[in-house]
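J.: First the structure, which I've put down as structure tokens, then a few questions once you've had a look.
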Amino acid sequence: MSEQEEDHLVLPVSHPSPGAMGPTGYWRNFKPVIDQEKCIKCLLCWLFCPEGTIIRHEDNSVSVDYDYCKGCGVCANECPVNAIKMVPEGEEQ
Amino acid sequence: MTVKLLTGNYTVAEAARLARVKVVAAFPITPQTTIVEKIAEMIEHGEMDAEMIHVESEHSALAAAYGAAAGGVRAFTATSSQGLLYMHEVVWWVAGSRIPLVMAIVTRAIGPPWNIHVSHEDIMDQRDTGWIISIAEDNQEVLDLTLQAFRISEDPRVYLPAMVGLDGFILSHTTMPVDVPSQEEVDSWLPPRSPGPYVIEPGSGVIMGNIPPDEDYMRMRKAMQTAMRNAERVIMEVEEEYYKLTGRRYGGLLECYRCSDAKYAVVLMGTWAGNAKEAADRLREKGYPVGVARIRYIRPFPSMLLREKLGGMKGVMVMDRSVSMGRGGPLFLEVAEALRSKPSMMSVIAGVGGVDVGVDDISSLVEKFIGKVEERGHVYIDEYWYGV
Amino acid sequence: MVNIKELPSKTLLMPGNAACPGCPETLGLRYVSMALGDKAVLVIPAGCSSVIQGIYPKSGIGFPILNIVFAAAASAASGLARAYKIRGLEDAQVVVWAGDGGTGDIGIQALSGAAERNENIIYICVDNEAYMNTGIQRSSLTPYGAWTTTTWTGKKEHKKDVPLIMIAHGAPYVATASVGFPTDFIEKLRRAASIKGLKYIHLHAPCPVGWRFDPSKTVEVAKLAVQTGIWVLYEYRGGVFRISPLSRPYAKKERRKPLKEYLKLQGRFRHLGEDDVKVLEAYIEERWKLYLNMEKTLGSKAT
Ligand SMILES: Cc1ncc(C[n+]2csc(CCOP(=O)(O)OP(=O)(O)O)c2C)c(N)n1
Ligand code: SF4
Ligand code: SF4
Ligand code: SF4
Ligand SMILES: [Mg+2]
């Protein structure tokens with residue numbers, strides 16, 4: 001095909017990818033910090049995280065994907081044992 | 001190949017059947033209605049292996065046909081006038097997504113007041129949408145253009161949807177002999193629908209239409225224009241192959257009738273080109289060297305061909321069956337641009353809303369135009385309403 | 001019953017999408033993914049979820065998606081479903097994911113058509129009770145009293161009951177759900193996936209931006225809507241109407257939490273006077289009476 005013929009197929013087609021709007025860490029105000037001692041592995045934070053940034057491990061323990069967590073605080077609000085604290089960004093835990 | 005007596009609308013239905021369309025979604029509107037009825041009948045009687053989606057509107061008709069096409073099957077719809085305007089949002093959407101699809105447009109006036117007769121406002125309103133747009137002169141050509149529309153739309157160099165226009169009542173409801181190829185003949189020439197540019201299905205990972213950066217959006221629009229340019233050649237190729245199958249060809253984007261030695265030409269599109277051809281014959285008997293250039297494809301527009309065939313003539317008269325309010329005859333404007341207004345030119349607006357225009361009308365218009373040109377050397381009449 | 005621990009740990013909702021923090025639509029999409037997995041193909045009309053996908057050539061929603069004009073979701077989905085049928089893709093699930101505006105307002109004609117034809121699709125209305133994408137304008141599904149940018153003194157009309165309209169269409173499956181009760185929603189989705197024809201699920205989706213509450217409260221507000229009885233979970237299936245177990249306790253007025261607990265969390269209701277609250281309470285009572293009556297008359301058949 002000539003050059004012209006190839007230019008004709010710029011399709012409005014995207015593909016699944018994390019970070020379609022880039023990372024969130026730079027604008028997030030609060031971040032969730034999980035107290036693993038307190039955690040009872042109920043998975044409610046994982047279930048209710050709107051972003052899918054509570055990472056669920058093999059043993060049903062949980063951690064946070066800080067690249068993309070938006071700091072909404074739903075996880076902290078839903079944790080039945082208050083094992084998650086929302087900590088201002090930049091402050092040490 | 002068998003000759004059948006068919007109305008334009010039944011010809012459309014026949015073409016959809018022969019093309020092995022798998023999904024038809026359509027909503028009735030005069031004068032398109034008998035297409036929907038015929039296809040429904042063929043499907044219900046087992047003569048056509050397709051699904052009919054009995055949608056509740058034209059907006060849905062095109063959206064449903066589009067959904068089917070995006071899901072990887074050959075789809076078809078048809079509409080007219082108000083229905084075409086009602087689906088206009090989806091018309092753009094289909095083209096922008098580059099999904100192959102074919103739609104018949106039975107041309108009709110737009111209200112108010114209500115008028116169901118032939119006029120070209122509806123189809124002319126679609127020029128900017130990114131659809132390939134063709135328009136027939138008779139029912140034979142309705143069949144030929146419709147079958148070819150599938151090949152053109154599905155060509156990987158194009159991937160744009162295609163409309164086929166036929167004039168309301170004059171073709172849609174008039175019976176003419178039509179040479180219909182057999183299913184085997186069509187199958188040998190039209191392969192099953194390819195996946196197209198992409199198919200939306202489980203596992204495809206295809207997301208169609210989310211927000212791009214503005215530059216990418218603009219790149220996509222430019223790509224559609226490039227595809228339109230590619231289509232110019234694809235249309236010629238497809239017609240040549242079709243010629244080998246059927247022995248019929250018309251000249252691609254533009255049909256030229258007695259143009260080669262003509263000094264004057266009438267440019268127009270649709271059924272009244274037949275009258276124009278007859279008028280040219282009569283005028284030639286009187287000694288006027290007149291030809292007819294019939295626009296077969298409104299998009300891509302035959303600018304180059306017009307320049308090549310008509311650029312050296314003394315005068316070109318363009319007949320419009322619609323008006324761009326506040327500007328003039330839309331076909332005239334496009335032809336004038338293509339010819340850079342080198343020949344003398346005249347814009348005639350006539351036949352709007354079904355007003356009859358016969359052979360005599362056209363020949364007297366041409367005669368007057370020629371008279372003016374001969375008298376003054378060069379004329380440019382940018383708007384002349386004939387008949388009212 | 002759905003067991004949380006057995007749900008897939010990865011979903012097709014991609015982190016780093018364009019949703020606001022605490023978004024109920026991404027929450028809902030995660031549950032759709034958990035329930036239907038990679039068999040689902042989404043049809044998304046204009047709305048927040050068209051934006052949530054993020055920027056081309058990436059998408060933060062990982063399902064195959066046909067984005068479509070605002071009014072045509074159910075129609076485009078009909079076409080897709082027919083194509084899959086013709087191609088023998090038996091286990092593909094065509095899912096419409098449309099807002100309350102795309103469902104109850106501009107898209108209701110197409111939805112009605114698809115329901116009457118009983119197209120084989122799952123239609124989910126993600127109801128955040130206003131046009132959020134364009135900046136919180138009222139929809140016909142905005143509740144009485146709510147502030148929006150087109151109802152500055154509070155909406156004067158009640159919420160349109162779209163699920164009831166769908167029941168009136170004779171759809172084989174109609175259910176209500178809430179992002180606050182994912183296991184119920186997932187169960188309903190799975191049931192819907194096993195039924196041929198048009199399945200309609202109306203998902204209540206509290207939006208922190210439009211309802212004016214803290215993004216950490218999305219789930220809490222959603223739960224309160226059910227616990228105060230203003231949102232009722234039910235299922236209509238094969239002609240049988242049933243209040244879902246999670247809503248069952250709130251059939252009794254005494255068991256409901258005070259409506260004010262729900263209202264006071266939301267800035268959109270801040271201006272409400274006592275009379276307005278009474279209007280809403282009366283509305284809740286009337287809805288419950290209707291649903292309980294429906295259960296009585298349409299609940300006899302065993303399934
Ligand atoms: C035909 C048309 N009219 C208006 C719009 C503008 N518009 C885009 S999304 C939207 C509101 C969406 O509301 P809803 O369906 O409730 O979805 P939400 O954004 O709340 O998720 C409007 C009015 C449009 N895209 N198309
Ligand atoms: S703060 Fe919000 S986004 Fe971040 S992990 Fe918790 S629920 Fe998820
Ligand atoms: S909600 Fe709390 S207890 Fe449950 S898994 Fe998360 S951190 Fe652990
Ligand atoms: S406005 Fe509401 S529904 Fe829309 S993206 Fe933001 S949080 Fe989600
Ligand atoms: Mg909404």
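Each chain in the structure tokens gets a letter, A, B and so on, in the order shown; residues start at 1 in every chain, and ligands are counted from 1 in the order they appear.
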Dump the neighbourhood of ligand 5 as an NGL selection string: all residues within 10 Å, distances computed on only C-alpha atoms and all ligand atoms.

T.: :C and (25 or 47-49 or 98-104 or 125-142 or 205-207 or 210)

J.: What lies within 12 Å of Lys41 in chain A using only C-alpha atoms, ignoring chain neighbours under 2 positions off, as a PyMOL selection string?

T.: (chain A and resi 34-39+43-47+55-63+79-81+83) or (chain C and resi 4-5)

J.: I need the residues from that last selection saved to file as a PDB file, in the first residue's frame (with C-alpha atoms), if you can.

T.:
```pdb
ATOM      1  CA  ILE A  34      -3.118  -0.195  56.724  1.00  0.00           C
ATOM      2  CA  ASP A  35      -2.257  -1.461  60.186  1.00  0.00           C
ATOM      3  CA  GLN A  36      -1.502  -5.102  59.375  1.00  0.00           C
ATOM      4  CA  GLU A  37      -1.621  -6.017  63.087  1.00  0.00           C
ATOM      5  CA  LYS A  38      -5.221  -4.920  63.376  1.00  0.00           C
ATOM      6  CA  CYS A  39      -6.360  -6.287  60.006  1.00  0.00           C
ATOM      7  CA  LEU A  43     -11.542  -8.013  52.429  1.00  0.00           C
ATOM      8  CA  LEU A  44     -14.199  -5.333  52.786  1.00  0.00           C
ATOM      9  CA  CYS A  45     -11.723  -2.592  51.903  1.00  0.00           C
ATOM     10  CA  TRP A  46     -10.791  -4.559  48.789  1.00  0.00           C
ATOM     11  CA  LEU A  47     -14.435  -5.077  47.889  1.00  0.00           C
ATOM     12  CA  ILE A  55      -4.268  -5.207  46.371  1.00  0.00           C
ATOM     13  CA  ARG A  56      -5.490  -8.529  47.611  1.00  0.00           C
ATOM     14  CA  HIS A  57      -2.774 -11.106  48.284  1.00  0.00           C
ATOM     15  CA  GLU A  58      -2.904 -14.912  48.251  1.00  0.00           C
ATOM     16  CA  ASP A  59      -3.538 -15.092  51.991  1.00  0.00           C
ATOM     17  CA  ASN A  60      -6.256 -12.399  51.752  1.00  0.00           C
ATOM     18  CA  SER A  61      -4.037  -9.828  53.377  1.00  0.00           C
ATOM     19  CA  VAL A  62      -4.265  -6.430  51.737  1.00  0.00           C
ATOM     20  CA  SER A  63      -1.982  -3.587  50.698  1.00  0.00           C
ATOM     21  CA  CYS A  79     -12.987  -1.206  57.587  1.00  0.00           C
ATOM     22  CA  PRO A  80     -14.880  -2.852  60.446  1.00  0.00           C
ATOM     23  CA  VAL A  81     -11.901  -2.758  62.836  1.00  0.00           C
ATOM     24  CA  ALA A  83      -7.292  -0.858  60.652  1.00  0.00           C
TER      25      ALA A  83
ATOM     26  CA  ILE C   4     -16.542 -12.403  49.069  1.00  0.00           C
ATOM     27  CA  LYS C   5     -13.477 -14.581  49.292  1.00  0.00           C
TER      28      LYS C   5
END
```

J.: Excluding Asp155 in chain B and its own-chain neighbours fewer than 3 positions away, which residues fall within 9 Å of it when counting only C-alpha atoms? Please give them as a list in words.

T.: Pro100, Phe150, Arg151, Ile152, Val158, Tyr159, Leu160, Gly196, Ala231 and Val234 of chain B

J.: With a distance threshold of 10 Å and counting only C-alpha atoms, extract the residues of chain B near chain C and express them as an mmCIF file with N, CA and C atoms, in the first residue's frame.

T.:
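Below you can see selection.cif, which holds the result:
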```cif
data_model
loop_
_atom_site.group_PDB
_atom_site.id
_atom_site.type_symbol
_atom_site.label_atom_id
_atom_site.label_comp_id
_atom_site.auth_asym_id
_atom_site.auth_seq_id
_atom_site.Cartn_x
_atom_site.Cartn_y
_atom_site.Cartn_z
ATOM 1 N N LYS B 22 -26.931 -9.803 7.066
ATOM 2 C CA LYS B 22 -27.327 -10.648 8.197
ATOM 3 C C LYS B 22 -28.237 -9.944 9.190
ATOM 4 N N VAL B 23 -28.125 -8.635 9.273
ATOM 5 C CA VAL B 23 -29.008 -7.905 10.185
ATOM 6 C C VAL B 23 -29.573 -6.685 9.457
ATOM 7 N N VAL B 24 -30.892 -6.567 9.510
ATOM 8 C CA VAL B 24 -31.556 -5.387 8.967
ATOM 9 C C VAL B 24 -32.331 -4.739 10.108
ATOM 10 N N ALA B 25 -32.111 -3.449 10.305
ATOM 11 C CA ALA B 25 -32.892 -2.707 11.290
ATOM 12 C C ALA B 25 -33.417 -1.479 10.570
ATOM 13 N N ALA B 50 -31.622 -13.708 7.527
ATOM 14 C CA ALA B 50 -31.168 -12.533 8.268
ATOM 15 C C ALA B 50 -32.065 -12.298 9.469
ATOM 16 N N GLU B 51 -31.578 -11.455 10.373
ATOM 17 C CA GLU B 51 -32.372 -11.044 11.526
ATOM 18 C C GLU B 51 -32.929 -9.663 11.227
ATOM 19 N N MET B 52 -34.215 -9.488 11.512
ATOM 20 C CA MET B 52 -34.809 -8.161 11.357
ATOM 21 C C MET B 52 -34.994 -7.577 12.766
ATOM 22 N N ILE B 53 -34.475 -6.400 12.985
ATOM 23 C CA ILE B 53 -34.699 -5.746 14.276
ATOM 24 C C ILE B 53 -35.775 -4.682 14.066
ATOM 25 N N HIS B 54 -36.933 -4.941 14.653
ATOM 26 C CA HIS B 54 -38.073 -4.038 14.459
ATOM 27 C C HIS B 54 -37.970 -2.867 15.428
ATOM 28 N N VAL B 55 -37.101 -1.936 15.101
ATOM 29 C CA VAL B 55 -36.811 -0.812 15.995
ATOM 30 C C VAL B 55 -37.973 0.165 16.084
ATOM 31 N N GLU B 56 -37.889 1.036 17.078
ATOM 32 C CA GLU B 56 -38.981 1.979 17.343
ATOM 33 C C GLU B 56 -38.715 3.357 16.744
ATOM 34 N N SER B 57 -37.592 3.515 16.025
ATOM 35 C CA SER B 57 -37.287 4.810 15.416
ATOM 36 C C SER B 57 -36.097 4.661 14.480
ATOM 37 N N HIS B 59 -33.423 6.611 14.673
ATOM 38 C CA HIS B 59 -32.223 6.767 15.496
ATOM 39 C C HIS B 59 -31.765 5.379 15.937
ATOM 40 N N SER B 60 -32.723 4.584 16.349
ATOM 41 C CA SER B 60 -32.425 3.211 16.756
ATOM 42 C C SER B 60 -32.123 2.313 15.566
ATOM 43 N N ALA B 61 -32.758 2.579 14.433
ATOM 44 C CA ALA B 61 -32.521 1.734 13.254
ATOM 45 C C ALA B 61 -31.041 1.744 12.902
ATOM 46 N N LEU B 62 -30.494 2.931 12.803
ATOM 47 C CA LEU B 62 -29.082 2.982 12.421
ATOM 48 C C LEU B 62 -28.192 2.499 13.568
ATOM 49 N N ALA B 63 -28.565 2.830 14.802
ATOM 50 C CA ALA B 63 -27.752 2.386 15.945
ATOM 51 C C ALA B 63 -27.742 0.863 16.032
ATOM 52 N N ALA B 64 -28.859 0.233 15.766
ATOM 53 C CA ALA B 64 -28.938 -1.232 15.861
ATOM 54 C C ALA B 64 -28.168 -1.888 14.716
ATOM 55 N N ALA B 65 -28.340 -1.350 13.520
ATOM 56 C CA ALA B 65 -27.591 -1.894 12.381
ATOM 57 C C ALA B 65 -26.094 -1.717 12.644
ATOM 58 N N TYR B 66 -25.752 -0.586 13.197
ATOM 59 C CA TYR B 66 -24.356 -0.279 13.524
ATOM 60 C C TYR B 66 -23.818 -1.241 14.578
ATOM 61 N N GLY B 67 -24.616 -1.497 15.617
ATOM 62 C CA GLY B 67 -24.199 -2.444 16.654
ATOM 63 C C GLY B 67 -23.895 -3.801 16.041
ATOM 64 N N ALA B 68 -24.763 -4.232 15.137
ATOM 65 C CA ALA B 68 -24.556 -5.526 14.479
ATOM 66 C C ALA B 68 -23.275 -5.502 13.654
ATOM 67 N N ALA B 69 -23.068 -4.417 12.935
ATOM 68 C CA ALA B 69 -21.863 -4.312 12.098
ATOM 69 C C ALA B 69 -20.603 -4.268 12.961
ATOM 70 N N ALA B 70 -20.686 -3.581 14.105
ATOM 71 C CA ALA B 70 -19.540 -3.526 15.019
ATOM 72 C C ALA B 70 -19.290 -4.901 15.638
ATOM 73 N N GLY B 71 -20.337 -5.725 15.675
ATOM 74 C CA GLY B 71 -20.215 -7.087 16.179
ATOM 75 C C GLY B 71 -19.785 -8.065 15.098
ATOM 76 N N GLY B 72 -19.483 -7.557 13.911
ATOM 77 C CA GLY B 72 -18.847 -8.386 12.899
ATOM 78 C C GLY B 72 -19.727 -8.968 11.814
ATOM 79 N N VAL B 73 -20.963 -8.526 11.694
ATOM 80 C CA VAL B 73 -21.795 -9.070 10.611
ATOM 81 C C VAL B 73 -22.203 -7.968 9.624
ATOM 82 N N ARG B 74 -22.625 -8.403 8.456
ATOM 83 C CA ARG B 74 -23.029 -7.432 7.432
ATOM 84 C C ARG B 74 -24.413 -6.900 7.788
ATOM 85 N N ALA B 75 -24.540 -5.587 7.823
ATOM 86 C CA ALA B 75 -25.799 -4.989 8.266
ATOM 87 C C ALA B 75 -26.271 -3.937 7.270
ATOM 88 N N GLU B 89 -27.490 12.075 14.068
ATOM 89 C CA GLU B 89 -26.428 11.948 15.069
ATOM 90 C C GLU B 89 -25.678 10.617 14.894
ATOM 91 N N VAL B 90 -26.438 9.571 14.630
ATOM 92 C CA VAL B 90 -25.831 8.241 14.496
ATOM 93 C C VAL B 90 -25.092 8.125 13.162
ATOM 94 N N TRP B 92 -23.229 10.279 11.749
ATOM 95 C CA TRP B 92 -21.853 10.740 12.016
ATOM 96 C C TRP B 92 -21.088 9.717 12.830
ATOM 97 N N TRP B 93 -21.760 9.147 13.815
ATOM 98 C CA TRP B 93 -21.083 8.226 14.727
ATOM 99 C C TRP B 93 -20.547 7.005 13.976
ATOM 100 N N VAL B 94 -21.370 6.481 13.073
ATOM 101 C CA VAL B 94 -20.987 5.284 12.316
ATOM 102 C C VAL B 94 -19.741 5.572 11.485
ATOM 103 N N SER B 97 -16.515 5.928 13.405
ATOM 104 C CA SER B 97 -15.978 4.699 13.984
ATOM 105 C C SER B 97 -15.442 3.753 12.915
ATOM 106 N N VAL B 199 -13.395 -5.789 15.466
ATOM 107 C CA VAL B 199 -14.701 -6.303 15.878
ATOM 108 C C VAL B 199 -14.795 -6.158 17.389
ATOM 109 N N ILE B 200 -15.922 -5.686 17.856
ATOM 110 C CA ILE B 200 -16.113 -5.583 19.297
ATOM 111 C C ILE B 200 -16.759 -6.870 19.779
ATOM 112 N N GLU B 201 -16.018 -7.651 20.527
ATOM 113 C CA GLU B 201 -16.510 -8.945 21.004
ATOM 114 C C GLU B 201 -15.695 -9.344 22.232
ATOM 115 N N PRO B 202 -16.185 -10.331 22.988
ATOM 116 C CA PRO B 202 -15.440 -10.735 24.179
ATOM 117 C C PRO B 202 -14.008 -11.115 23.798
ATOM 118 N N GLY B 203 -13.067 -10.688 24.611
ATOM 119 C CA GLY B 203 -11.670 -11.040 24.365
ATOM 120 C C GLY B 203 -10.960 -10.128 23.385
ATOM 121 N N SER B 204 -11.693 -9.214 22.752
ATOM 122 C CA SER B 204 -11.074 -8.381 21.715
ATOM 123 C C SER B 204 -10.220 -7.263 22.309
ATOM 124 N N GLY B 205 -10.520 -6.863 23.526
ATOM 125 C CA GLY B 205 -9.802 -5.735 24.113
ATOM 126 C C GLY B 205 -10.004 -4.435 23.339
ATOM 127 N N VAL B 206 -11.076 -4.376 22.568
ATOM 128 C CA VAL B 206 -11.314 -3.180 21.749
ATOM 129 C C VAL B 206 -12.279 -2.236 22.458
ATOM 130 N N ILE B 207 -11.833 -1.018 22.662
ATOM 131 C CA ILE B 207 -12.688 0.023 23.222
ATOM 132 C C ILE B 207 -12.851 1.078 22.133
ATOM 133 N N MET B 208 -14.060 1.238 21.631
ATOM 134 C CA MET B 208 -14.274 2.174 20.527
ATOM 135 C C MET B 208 -14.842 3.490 21.053
ATOM 136 N N GLY B 209 -14.078 4.555 20.859
ATOM 137 C CA GLY B 209 -14.687 5.871 21.002
ATOM 138 C C GLY B 209 -14.420 6.651 22.270
ATOM 139 N N ASN B 210 -13.486 6.228 23.110
ATOM 140 C CA ASN B 210 -13.234 7.082 24.289
ATOM 141 C C ASN B 210 -12.426 8.319 23.874
ATOM 142 N N ILE B 211 -12.268 9.225 24.806
ATOM 143 C CA ILE B 211 -11.755 10.560 24.473
ATOM 144 C C ILE B 211 -10.275 10.539 24.067
ATOM 145 N N PRO B 212 -9.947 11.054 22.899
ATOM 146 C CA PRO B 212 -8.530 11.167 22.516
ATOM 147 C C PRO B 212 -8.018 12.583 22.771
ATOM 148 N N PRO B 213 -6.693 12.752 22.797
ATOM 149 C CA PRO B 213 -6.157 14.116 22.738
ATOM 150 C C PRO B 213 -6.644 14.783 21.444
ATOM 151 N N ASP B 216 -5.068 13.778 18.180
ATOM 152 C CA ASP B 216 -5.436 12.461 17.665
ATOM 153 C C ASP B 216 -6.821 12.491 17.033
ATOM 154 N N TYR B 217 -7.717 13.251 17.661
ATOM 155 C CA TYR B 217 -9.043 13.405 17.061
ATOM 156 C C TYR B 217 -8.904 13.953 15.644
#
```

J.: With distances taken over only C-alpha atoms, which residue among A:Val64, A:Val13, A:Ile54, A:Ile84 lies nearest chain C?

T.: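 Smallest separation from chain C among the options: A:Val13.
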
J.: CA of Gly111 in chain B to CA of Thr30 in chain B: how many Å, to one decimal?

T.: 13.0 Å

J.: Neighbours of ligand 2 at 7 Å or closer, counting only C-alpha atoms and all ligand atoms: which residues, as an NGL selection string?

T.: (:A and (31-32 or 45 or 48-54 or 64 or 69-76)) or (:C and (21-22))

J.: Can I get the selected residues back with N, CA, C and O atoms, as a JSON list (two decimals), in the first residue's frame?

T.:
```
[["chain", "number", "residue", "atom", "x", "y", "z"],
["A", 31, "LYS", "N", -3.52, 9.60, 52.12],
["A", 31, "LYS", "CA", -3.34, 8.23, 51.64],
["A", 31, "LYS", "C", -3.72, 7.24, 52.75],
["A", 31, "LYS", "O", -3.52, 7.52, 53.94],
["A", 32, "PRO", "N", -4.28, 6.09, 52.34],
["A", 32, "PRO", "CA", -4.67, 5.11, 53.35],
["A", 32, "PRO", "C", -3.44, 4.32, 53.79],
["A", 32, "PRO", "O", -2.61, 3.94, 52.97],
["A", 45, "CYS", "N", -12.38, -3.74, 52.55],
["A", 45, "CYS", "CA", -11.72, -2.59, 51.90],
["A", 45, "CYS", "C", -11.47, -2.90, 50.42],
["A", 45, "CYS", "O", -11.67, -2.06, 49.55],
["A", 48, "PHE", "N", -14.78, -2.76, 48.51],
["A", 48, "PHE", "CA", -15.41, -1.45, 48.36],
["A", 48, "PHE", "C", -14.50, -0.38, 47.77],
["A", 48, "PHE", "O", -14.93, 0.75, 47.56],
["A", 49, "CYS", "N", -13.25, -0.69, 47.50],
["A", 49, "CYS", "CA", -12.38, 0.33, 46.91],
["A", 49, "CYS", "C", -12.88, 0.63, 45.49],
["A", 49, "CYS", "O", -12.89, -0.24, 44.64],
["A", 50, "PRO", "N", -13.30, 1.86, 45.22],
["A", 50, "PRO", "CA", -13.86, 2.19, 43.91],
["A", 50, "PRO", "C", -12.84, 2.11, 42.78],
["A", 50, "PRO", "O", -13.19, 2.08, 41.62],
["A", 51, "GLU", "N", -11.58, 2.08, 43.16],
["A", 51, "GLU", "CA", -10.52, 2.20, 42.18],
["A", 51, "GLU", "C", -9.83, 0.87, 41.89],
["A", 51, "GLU", "O", -9.11, 0.73, 40.91],
["A", 52, "GLY", "N", -10.05, -0.10, 42.76],
["A", 52, "GLY", "CA", -9.34, -1.37, 42.62],
["A", 52, "GLY", "C", -7.88, -1.23, 43.03],
["A", 52, "GLY", "O", -7.02, -1.94, 42.51],
["A", 53, "THR", "N", -7.61, -0.33, 43.96],
["A", 53, "THR", "CA", -6.22, -0.13, 44.35],
["A", 53, "THR", "C", -5.90, -0.72, 45.72],
["A", 53, "THR", "O", -4.85, -0.45, 46.27],
["A", 54, "ILE", "N", -6.84, -1.47, 46.27],
["A", 54, "ILE", "CA", -6.47, -2.32, 47.40],
["A", 54, "ILE", "C", -6.04, -3.64, 46.77],
["A", 54, "ILE", "O", -6.82, -4.30, 46.10],
["A", 64, "VAL", "N", -1.87, -1.42, 49.63],
["A", 64, "VAL", "CA", -2.40, -0.34, 48.78],
["A", 64, "VAL", "C", -1.47, -0.10, 47.59],
["A", 64, "VAL", "O", -0.25, -0.07, 47.73],
["A", 69, "CYS", "N", -3.96, 4.84, 43.83],
["A", 69, "CYS", "CA", -4.97, 5.12, 44.87],
["A", 69, "CYS", "C", -5.32, 6.60, 44.82],
["A", 69, "CYS", "O", -4.45, 7.46, 44.71],
["A", 70, "LYS", "N", -6.64, 6.92, 44.87],
["A", 70, "LYS", "CA", -7.05, 8.32, 44.78],
["A", 70, "LYS", "C", -7.30, 8.94, 46.15],
["A", 70, "LYS", "O", -7.75, 10.09, 46.25],
["A", 71, "GLY", "N", -7.08, 8.16, 47.17],
["A", 71, "GLY", "CA", -7.20, 8.71, 48.52],
["A", 71, "GLY", "C", -8.61, 9.08, 48.93],
["A", 71, "GLY", "O", -8.82, 9.97, 49.76],
["A", 72, "CYS", "N", -9.59, 8.38, 48.38],
["A", 72, "CYS", "CA", -10.99, 8.73, 48.67],
["A", 72, "CYS", "C", -11.36, 8.44, 50.13],
["A", 72, "CYS", "O", -12.20, 9.09, 50.70],
["A", 73, "GLY", "N", -10.73, 7.40, 50.69],
["A", 73, "GLY", "CA", -11.03, 7.07, 52.08],
["A", 73, "GLY", "C", -12.17, 6.09, 52.28],
["A", 73, "GLY", "O", -12.57, 5.81, 53.42],
["A", 74, "VAL", "N", -12.73, 5.56, 51.21],
["A", 74, "VAL", "CA", -13.80, 4.58, 51.35],
["A", 74, "VAL", "C", -13.31, 3.37, 52.14],
["A", 74, "VAL", "O", -13.99, 2.87, 53.04],
["A", 75, "CYS", "N", -12.09, 2.93, 51.83],
["A", 75, "CYS", "CA", -11.55, 1.75, 52.52],
["A", 75, "CYS", "C", -11.51, 1.98, 54.02],
["A", 75, "CYS", "O", -11.96, 1.13, 54.80],
["A", 76, "ALA", "N", -11.01, 3.14, 54.43],
["A", 76, "ALA", "CA", -10.91, 3.45, 55.86],
["A", 76, "ALA", "C", -12.29, 3.52, 56.49],
["A", 76, "ALA", "O", -12.53, 3.04, 57.59],
["C", 21, "PRO", "N", -12.47, 10.63, 42.92],
["C", 21, "PRO", "CA", -12.31, 9.77, 44.10],
["C", 21, "PRO", "C", -13.69, 9.40, 44.67],
["C", 21, "PRO", "O", -14.59, 10.23, 44.71],
["C", 22, "GLY", "N", -13.83, 8.15, 45.06],
["C", 22, "GLY", "CA", -15.08, 7.70, 45.67],
["C", 22, "GLY", "C", -16.20, 7.47, 44.67],
["C", 22, "GLY", "O", -17.38, 7.46, 45.03]]
```

J.: Fewer than 3 positions away in the same chain doesn't count, so skip those; otherwise give me all residues within 10 Å of Gly274 in chain B, counting only C-alpha atoms, as number ranges by chain.

T.: B: 137-138, 269-271, 277-280, 292, 294, 358-359

J.: Looking only at the backbone, which of the residues in range 83-221 of chain C does DSSP tag as helix (DSSP H, G or I), as an MDAnalysis selection string?

T.: chainID C and resid 83:86 100:105 108:116 162:168 182:193 208:211 215:221

J.: May I ask for the distance between CA of Ala35 in chain C and CA of Val95 in chain C, given in Å to one decimal place?

T.: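 Interatomic distance here is 11.9 Å.
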
J.: With only C-alpha atoms considered, list every residue of chain A at most 7 Å from chain B, as a PyMOL selection string.

T.: chain A and resi 4-5+7-16

J.: To test your reading of the structure, identify every residue in range 322-375 of chain B that backbone DSSP assigns to strand (DSSP E), and report it as a VMD selection string.

T.: chain B and resid 344 to 349

J.: Under the rule that only C-alpha atoms and all ligand atoms are counted, which of C:Glu295, C:Glu274, C:Glu285, C:Asp214 is the nearest residue to ligand 4?

T.: C:Asp214

J.: Do you have the CA of Tyr386 in chain B-CA of Trp272 in chain B distance handy?

T.: 14.4 Å

J.: For a quick check of understanding, using only C-alpha atoms, which of C:Asn3, C:Thr26, C:Thr150, C:Thr297 has the smallest distance to chain A?

T.: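 Looking at the shortest contact to chain A, the residue is C:Thr26.
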
J.: Using only C-alpha atoms, which of C:Ala222, C:Ala175, C:Ile108, C:Ile201 sits nearest chain A?

T.: C:Ala222

J.: If you count only C-alpha atoms, which residues fall within 9 Å of Glu14 in chain B, apart from same-chain ones fewer than 5 positions away, as a PyMOL selection string?

T.: chain B and resi 9+19+38-39+143+180
